[in-house]
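Participant: Before we start, here is the structure in question, set down as structure tokens.
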Amino acid sequence: QVHVVESGGGLVQPGGSLRLSCSVSGTTYAIYTMAWYRQAPGKQRELVASITGTGFTNYKDSVKGRFTISKENGENTVHLQMNSLKPEDTGIYYCNRQQEGGSYWGQGTQVTVSS
């Protein structure tokens, strides 16, 4: 069983920064993809950024140059550094891990960008 927990959300003004963290525990494998998704009110959940076990990253076009996904070596922890935040970045941010055995989600953390 795999347990995923997010942290680091909150309220920030436009132009500000936040750092989200995602920790995974349980039965994990070296071949995996971890990703951050977000869901705004009334909209579908969308992929924001992802990183593989080998360090390959992928970003949604609208966050390129502002968001950075990274992982801690030897740890099942991933971070999402979000800079120059915009009101349209508001939503619930979910962490996901895909590996042999399935796809696992956290409960989500709220990010609100507002003045």
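For the structure tokens, the naming scheme is as follows: chains receive sequential letters (A, B, ...) according to their order of presentation, residues are indexed from 1 within each chain, and ligands are indexed from 1 in presentation order.
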I'd like the neighbourhood of range 5-20 of chain A as a PyMOL selection string, where a residue qualifies if any of its atoms comes within 6 Å (using only C-alpha atoms), though same-chain residues fewer than 6 positions away should be ignored.

Facilitator: chain A and resi 79-86+106+109-115

Participant: If we count only C-alpha atoms and set the cut-off at 12 Å, which residues sit around Thr77 in chain A, ignoring sequence neighbours fewer than 5 positions away in its own chain? Please answer as a PyMOL selection string.

Facilitator: chain A and resi 3-7+20-25+28+33-35+51+53+69-72+95-97

Participant: Check the smallest atom-to-atom distance from each of A:Asp89, A:Gln98, A:Asn76, A:Ser62 to Ser50 in chain A using only C-alpha atoms, then report the winner.

Facilitator: A:Gln98

Participant: Assign secondary structure with DSSP using the backbone only, and return the residues of chain A in strand (DSSP E or B) as a count of residues only.

Facilitator: 65

Participant: Give me, as a ChimeraX atom specification, the residues of chain A that a backbone DSSP run labels helix (DSSP H, G or I).

Facilitator: /A:61-63,87-89

Participant: If you keep N, CA, C and O atoms, can you produce a file of those selected residues as a PDB file, in the first residue's frame?

Facilitator:
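Saved file out.pdb follows:
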```
ATOM      1  N   ASP A  61       2.293  24.237 -20.241  1.00  0.00           N
ATOM      2  CA  ASP A  61       2.877  25.415 -20.888  1.00  0.00           C
ATOM      3  C   ASP A  61       2.731  26.682 -20.044  1.00  0.00           C
ATOM      4  O   ASP A  61       3.657  27.498 -19.964  1.00  0.00           O
ATOM      5  N   SER A  62       1.590  26.858 -19.403  1.00  0.00           N
ATOM      6  CA  SER A  62       1.325  28.110 -18.694  1.00  0.00           C
ATOM      7  C   SER A  62       2.154  28.281 -17.422  1.00  0.00           C
ATOM      8  O   SER A  62       2.182  29.376 -16.848  1.00  0.00           O
ATOM      9  N   VAL A  63       2.840  27.226 -16.964  1.00  0.00           N
ATOM     10  CA  VAL A  63       3.655  27.347 -15.751  1.00  0.00           C
ATOM     11  C   VAL A  63       5.145  27.278 -16.051  1.00  0.00           C
ATOM     12  O   VAL A  63       5.967  27.458 -15.138  1.00  0.00           O
ATOM     13  N   PRO A  87      -3.555  34.681 -10.251  1.00  0.00           N
ATOM     14  CA  PRO A  87      -4.872  34.230  -9.754  1.00  0.00           C
ATOM     15  C   PRO A  87      -5.352  32.948 -10.431  1.00  0.00           C
ATOM     16  O   PRO A  87      -5.998  32.116  -9.788  1.00  0.00           O
ATOM     17  N   GLU A  88      -4.994  32.764 -11.692  1.00  0.00           N
ATOM     18  CA  GLU A  88      -5.422  31.556 -12.397  1.00  0.00           C
ATOM     19  C   GLU A  88      -4.688  30.299 -11.940  1.00  0.00           C
ATOM     20  O   GLU A  88      -5.015  29.196 -12.383  1.00  0.00           O
ATOM     21  N   ASP A  89      -3.709  30.444 -11.069  1.00  0.00           N
ATOM     22  CA  ASP A  89      -3.055  29.266 -10.477  1.00  0.00           C
ATOM     23  C   ASP A  89      -3.829  28.721  -9.280  1.00  0.00           C
ATOM     24  O   ASP A  89      -3.469  27.685  -8.723  1.00  0.00           O
TER      25      ASP A  89
END
```

Participant: Tell me, as a tab-separated table (two decimals) with N, CA, C and O atoms, in the first residue's frame, which residues lie within 12 Å of Gln44 in chain A, counting only C-alpha atoms; anything in the same chain fewer than 5 positions away does not count.

Facilitator:
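Wrote part34.tsv, looks like this:
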```tsv
chain	number	residue	atom	x	y	z
A	37	TYR	N	-1.01	17.76	-9.99
A	37	TYR	CA	-2.18	18.16	-10.74
A	37	TYR	C	-2.89	19.26	-9.95
A	37	TYR	O	-2.67	19.41	-8.74
A	38	ARG	N	-3.73	20.01	-10.63
A	38	ARG	CA	-4.55	20.98	-9.92
A	38	ARG	C	-5.95	20.97	-10.49
A	38	ARG	O	-6.17	20.66	-11.66
A	39	GLN	N	-6.88	21.36	-9.63
A	39	GLN	CA	-8.27	21.45	-10.04
A	39	GLN	C	-8.86	22.75	-9.53
A	39	GLN	O	-8.94	22.96	-8.31
A	91	GLY	N	-6.34	26.81	-6.98
A	91	GLY	CA	-6.99	25.51	-7.09
A	91	GLY	C	-6.50	24.57	-6.00
A	91	GLY	O	-5.66	24.94	-5.18
A	92	ILE	N	-7.03	23.37	-6.03
A	92	ILE	CA	-6.54	22.33	-5.14
A	92	ILE	C	-5.45	21.58	-5.89
A	92	ILE	O	-5.67	21.10	-7.02
```

Participant: Of the residues A:Lys64, A:Tyr29, A:Thr90, A:Val2, which is the one nearest to Thr52 in chain A, using only C-alpha atoms?

Facilitator: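 Going through A:Lys64, A:Tyr29, A:Thr90, A:Val2 one by one, the smallest distance to Thr52 in chain A is for A:Tyr29.
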